[in-house]
$ cat target-v6.txt   # compact mmCIF, C-alpha atoms
# COMPACT_ATOMS: atom_id res chain seq x y z
CA MET M 1 91.14 75.56 111.92
CA GLU M 2 92.37 75.30 115.49
CA SER M 3 90.35 72.17 116.27
CA LEU M 4 91.65 70.50 113.10
CA LYS M 5 95.19 71.54 114.05
CA PHE M 6 94.86 69.92 117.49
CA LYS M 7 93.35 66.77 115.98
CA LEU M 8 96.20 66.39 113.48
CA GLU M 9 98.84 67.14 116.12
CA ALA M 10 97.31 64.44 118.32
CA GLU M 11 97.94 62.07 115.41
CA GLY M 12 101.61 63.05 115.50
CA LYS M 13 101.54 65.34 112.47
CA LYS M 14 103.32 68.69 112.20
CA VAL M 15 100.81 71.43 111.44
CA TYR M 16 101.20 75.05 110.37
CA VAL M 17 97.99 77.07 110.13
CA VAL M 18 97.96 79.68 107.37
CA PRO M 19 95.44 82.30 108.54
CA TYR M 20 92.84 84.07 106.45
CA GLY M 21 94.62 86.04 103.73
CA GLY M 22 98.00 84.81 105.00
CA SER M 23 97.74 87.71 107.43
CA ASN M 24 99.99 86.80 110.30
CA LEU M 25 103.35 88.27 111.25
CA LEU M 26 105.21 85.95 108.88
CA GLY M 27 103.00 87.11 106.00
CA ALA M 28 103.50 90.76 106.98
CA TYR M 29 107.30 90.29 106.88
CA GLY M 30 107.05 89.90 103.10
CA PHE M 31 105.87 93.49 102.84
CA VAL M 32 108.51 94.69 105.31
CA ASP M 33 111.09 93.30 102.86
CA ALA M 34 109.20 94.88 99.96
CA VAL M 35 109.48 98.32 101.61
CA LYS M 36 113.23 97.81 101.94
CA GLU M 37 113.38 97.16 98.19
CA LEU M 38 111.13 100.15 97.50
CA LYS M 39 113.41 102.43 99.53
CA GLU M 40 116.44 101.21 97.55
CA GLN M 41 114.65 101.92 94.26
CA LEU M 42 113.47 105.38 95.36
CA THR M 43 116.96 106.28 96.59
CA GLU M 44 118.50 105.12 93.32
CA MET M 45 116.03 107.24 91.31
CA ASN M 46 116.18 110.17 93.76
CA LEU M 47 112.39 110.02 94.18
CA LYS M 48 110.03 110.53 97.08
CA MET M 49 106.53 109.05 97.18
CA ASP M 50 104.07 111.23 99.07
CA TYR M 51 101.32 108.60 99.15
CA ILE M 52 101.10 104.83 98.76
CA PHE M 53 97.62 103.51 97.89
CA PHE M 54 96.83 99.80 98.22
CA ALA M 55 94.05 97.33 98.95
CA SER M 56 93.61 96.22 102.57
CA SER M 57 91.38 93.27 103.37
CA SER M 58 92.84 90.94 106.00
CA GLY M 59 95.59 93.17 107.38
CA GLY M 60 98.91 91.55 106.47
CA THR M 61 99.77 93.90 103.61
CA GLN M 62 98.86 96.97 105.63
CA ALA M 63 100.76 95.87 108.74
CA GLY M 64 103.82 94.89 106.72
CA LEU M 65 103.92 98.18 104.83
CA ARG M 66 103.52 100.20 108.05
CA LEU M 67 106.25 98.23 109.83
CA GLY M 68 108.56 98.52 106.82
CA ILE M 69 108.04 102.27 106.49
CA ASP M 70 108.84 102.78 110.17
CA LEU M 71 111.77 100.35 110.20
CA PHE M 72 113.43 101.77 107.07
CA GLU M 73 112.34 105.38 107.70
CA VAL M 74 110.49 105.97 104.45
CA ASP M 75 108.77 109.36 104.41
CA THR M 76 105.35 108.64 102.91
CA LYS M 77 101.68 108.43 103.85
CA LEU M 78 99.96 105.06 103.64
CA MET M 79 96.49 105.07 102.06
CA PRO M 80 94.91 101.67 102.81
CA ILE M 81 91.64 101.32 100.91
CA SER M 82 89.28 99.03 102.80
CA ILE M 83 88.01 96.25 100.55
CA ASP M 84 85.56 94.64 102.95
CA LYS M 85 83.43 96.45 105.51
CA MET M 86 83.41 93.38 107.74
CA GLY M 87 86.14 92.51 110.24
CA TYR M 88 87.60 89.10 110.95
CA GLU M 89 86.14 86.92 113.71
CA ASP M 90 85.59 89.20 116.74
CA LYS M 91 87.88 92.04 115.61
CA THR M 92 87.60 94.96 113.25
CA LEU M 93 90.22 95.02 110.51
CA ALA M 94 91.94 97.97 112.19
CA GLU M 95 92.20 95.96 115.42
CA ALA M 96 93.67 92.99 113.53
CA VAL M 97 96.23 95.29 111.87
CA LEU M 98 97.11 96.84 115.24
CA GLU M 99 97.71 93.39 116.73
CA LEU M 100 100.17 92.59 113.91
CA LEU M 101 101.86 95.97 114.35
CA LYS M 102 102.43 95.31 118.04
CA GLN M 103 103.87 91.86 117.32
CA GLY M 104 106.12 93.31 114.60
CA GLN M 105 107.23 96.21 116.79
CA LYS M 106 108.60 93.74 119.33
CA SER M 107 110.26 91.34 116.91
CA LEU M 108 111.78 94.08 114.71
CA ARG M 109 112.68 96.27 117.70
CA ILE M 110 110.92 99.32 116.28
CA LYS M 111 110.98 102.15 118.83
CA LYS M 112 107.53 103.46 117.92
CA THR M 113 104.54 102.52 120.08
CA TYR M 114 101.56 101.72 117.87
CA SER M 115 97.97 102.79 118.45
CA ILE M 116 94.73 102.26 116.56
CA ASP M 117 95.47 105.47 114.60
CA ASP M 118 98.37 103.64 112.91
CA ALA M 119 95.96 100.94 111.71
CA ARG M 120 93.11 103.05 110.32
CA LEU M 121 91.67 102.35 106.87
CA ILE M 122 89.95 104.46 104.25
CA HIS M 123 86.32 103.39 104.14
CA GLY M 124 83.54 104.35 101.75
CA TYR M 125 84.56 102.27 98.76
CA ASP M 126 83.57 99.05 100.52
CA SER M 127 79.89 99.87 101.13
CA LYS M 128 78.57 97.24 98.69
CA GLY M 129 80.51 94.51 100.48
CA TYR M 130 83.26 92.07 99.63
CA GLY M 131 83.40 90.78 96.07
CA VAL M 132 80.46 92.86 94.81
CA VAL M 133 81.51 94.37 91.50
CA THR M 134 80.21 97.89 90.92
CA SER M 135 80.65 100.45 88.16
CA ASN M 136 83.50 101.91 90.24
CA GLU M 137 85.68 98.81 89.92
CA LYS M 138 84.74 98.36 86.26
CA SER M 139 85.70 101.94 85.37
CA ALA M 140 89.01 101.71 87.25
CA ILE M 141 89.94 98.42 85.57
CA LYS M 142 89.05 99.82 82.15
CA GLU M 143 90.95 103.08 82.68
CA LEU M 144 94.23 101.44 83.69
CA ALA M 145 93.97 98.71 81.04
CA GLU M 146 93.35 101.20 78.24
CA ASN M 147 96.01 103.69 79.34
CA GLU M 148 98.80 101.46 80.62
CA GLY M 149 97.99 97.88 79.60
CA ILE M 150 97.98 96.84 83.28
CA LEU M 151 95.17 94.60 84.47
CA LEU M 152 93.50 94.88 87.86
CA ASP M 153 91.06 92.51 89.52
CA PRO M 154 87.55 93.61 90.57
CA VAL M 155 87.74 92.55 94.22
CA TYR M 156 91.01 94.05 95.51
CA SER M 157 93.19 96.10 93.18
CA GLY M 158 90.27 97.45 91.11
CA ARG M 159 88.51 98.75 94.19
CA ALA M 160 91.71 100.26 95.63
CA PHE M 161 92.66 101.86 92.29
CA TYR M 162 89.21 103.43 92.07
CA GLY M 163 89.70 104.79 95.60
CA MET M 164 93.01 106.31 94.55
CA LEU M 165 91.52 107.90 91.42
CA ASP M 166 88.65 109.31 93.47
CA HIS M 167 91.11 110.83 95.96
CA ILE M 168 93.04 112.47 93.13
CA LYS M 169 89.97 113.73 91.26
CA SER M 170 88.32 115.11 94.41
CA GLN M 171 91.63 116.72 95.44
CA LYS M 172 92.00 114.75 98.69
CA THR M 173 95.69 114.39 97.85
CA GLU M 174 98.08 117.31 97.51
CA LYS M 175 98.33 118.75 94.02
CA GLY M 176 101.50 117.60 92.26
CA ALA M 177 102.14 114.84 94.81
CA ASN M 178 104.00 111.68 93.83
CA ILE M 179 101.63 108.76 94.25
CA LEU M 180 102.47 105.07 94.21
CA PHE M 181 99.78 102.45 93.64
CA TRP M 182 100.84 99.12 95.12
CA HIS M 183 99.35 96.42 92.89
CA THR M 184 98.83 93.32 95.03
CA GLY M 185 97.75 90.95 92.25
CA GLY M 186 94.45 89.08 92.00
CA LEU M 187 94.29 88.84 88.20
CA PRO M 188 92.75 85.29 88.12
CA ALA M 189 89.59 86.72 89.75
CA ASN M 190 88.78 88.32 86.39
CA PHE M 191 87.87 84.89 85.05
CA TYR M 192 85.47 84.25 87.93
CA TYR M 193 83.87 87.69 87.54
CA SER M 194 83.90 87.70 83.74
CA LYS M 195 80.10 88.12 83.38
CA GLU M 196 80.03 91.07 85.78
CA LEU M 197 82.93 92.70 83.95
CA MET M 198 81.39 92.42 80.47
$ encode --input "target-v6.txt" --output "structure tokens"
Amino acid sequence: MESLKFKLEAEGKKVYVVPYGGSNLLGAYGFVDAVKELKEQLTEMNLKMDYIFFASSSGGTQAGLRLGIDLFEVDTKLMPISIDKMGYEDKTLAEAVLELLKQGQKSLRIKKTYSIDDARLIHGYDSKGYGVVTSNEKSAIKELAENEGILLDPVYSGRAFYGMLDHIKSQKTEKGANILFWHTGGLPANFYYSKELM
């Protein structure tokens, strides 16, 4: 991407590189704004969320949610379910998230100093690798579709939702806790994976 960027710039063109997964600071800002909206909704409903489960794959969502929670002082625990056991280029996903957190801390003037502990992920649901549909994803997609009419995809939200259900069923979350599942989309993938989902 960088070599193509330089080539095009040498030709006098203006170039903006969108990184893998849109996971740069600009992409993370979208989730900072989303946390602001979430806080407004929770305040209006007089609710507290003890946990927020979501899919984390390239780091932008996770970094944005963490920055937003710290910036807007939302009392909750982030539960980032790792979707892919691989990192990106020469970094682990946690290292990529930490880099975004440090950039965001400066630009948003957050007083907290971030460490790798702020960027950790929940592993164990990603052992089959990225985009490999297992019975876990299938059962999670089926359960939510049948009970709520909400569709998940098998790569991201299905895997994360299964991780959340497993945490609840194995009592890794506090009993009676309020839990938010952050659905990050991905529905069109169901068409690509239609044979595996049948």
$ closest_residue --input "target-v6.txt" --among "M:Leu108, M:Met79, M:Ala63, M:Ala55" --to "Thr184 in chain M" --atoms "all atoms listed in the file"
M:Ala55
$ residues_around --input "target-v6.txt" --residues "His123 in chain M" --least-positions-apart "2" --cutoff "10 Å" --atoms "all atoms listed in the file" --output "PDB file with C-alpha atoms, keeping the file's coordinate frame"
ATOM      1  CA  PRO M  80      94.910 101.670 102.810  1.00  0.00           C
ATOM      2  CA  ILE M  81      91.640 101.320 100.910  1.00  0.00           C
ATOM      3  CA  SER M  82      89.280  99.030 102.800  1.00  0.00           C
ATOM      4  CA  ILE M  83      88.010  96.250 100.550  1.00  0.00           C
ATOM      5  CA  ASP M  84      85.560  94.640 102.950  1.00  0.00           C
ATOM      6  CA  LYS M  85      83.430  96.450 105.510  1.00  0.00           C
ATOM      7  CA  ARG M 120      93.110 103.050 110.320  1.00  0.00           C
ATOM      8  CA  LEU M 121      91.670 102.350 106.870  1.00  0.00           C
ATOM      9  CA  TYR M 125      84.560 102.270  98.760  1.00  0.00           C
ATOM     10  CA  ASP M 126      83.570  99.050 100.520  1.00  0.00           C
ATOM     11  CA  SER M 127      79.890  99.870 101.130  1.00  0.00           C
ATOM     12  CA  GLY M 163      89.700 104.790  95.600  1.00  0.00           C
TER      13      GLY M 163
END
$ closest_residue --input "target-v6.txt" --among "M:Tyr193, M:Tyr16, M:Tyr29, M:Tyr51" --to "Lys172 in chain M" --atoms "all atoms listed in the file"
M:Tyr51
$ residues_around --input "target-v6.txt" --residues "Leu67 in chain M" --least-positions-apart "5" --cutoff "9 Å" --atoms "all atoms listed in the file" --output "list in words"
Ala28, Tyr29, Phe31, Val32, Val35, Gln62, Phe72, Leu101, Gly104, Gln105, Leu108 and Ile110 of chain M
$ atom_distance --input "target-v6.txt" --atom1 "CA of Lys5 in chain M" --atom2 "CA of Ser23 in chain M"
17.7 Å
$ residues_near_point --input "target-v6.txt" --point "(95.1, 103.3, 116.2)" --cutoff "12 Å" --atoms "all atoms listed in the file" --output "ChimeraX atom specification"
/M:63,92-99,101-102,113-121
$ residues_around --input "target-v6.txt" --residues "Leu78 in chain M" --least-positions-apart "6" --cutoff "8 Å" --atoms "only C-alpha atoms" --output "list in words"
Tyr51, Ile52, Phe53 and Arg66 of chain M
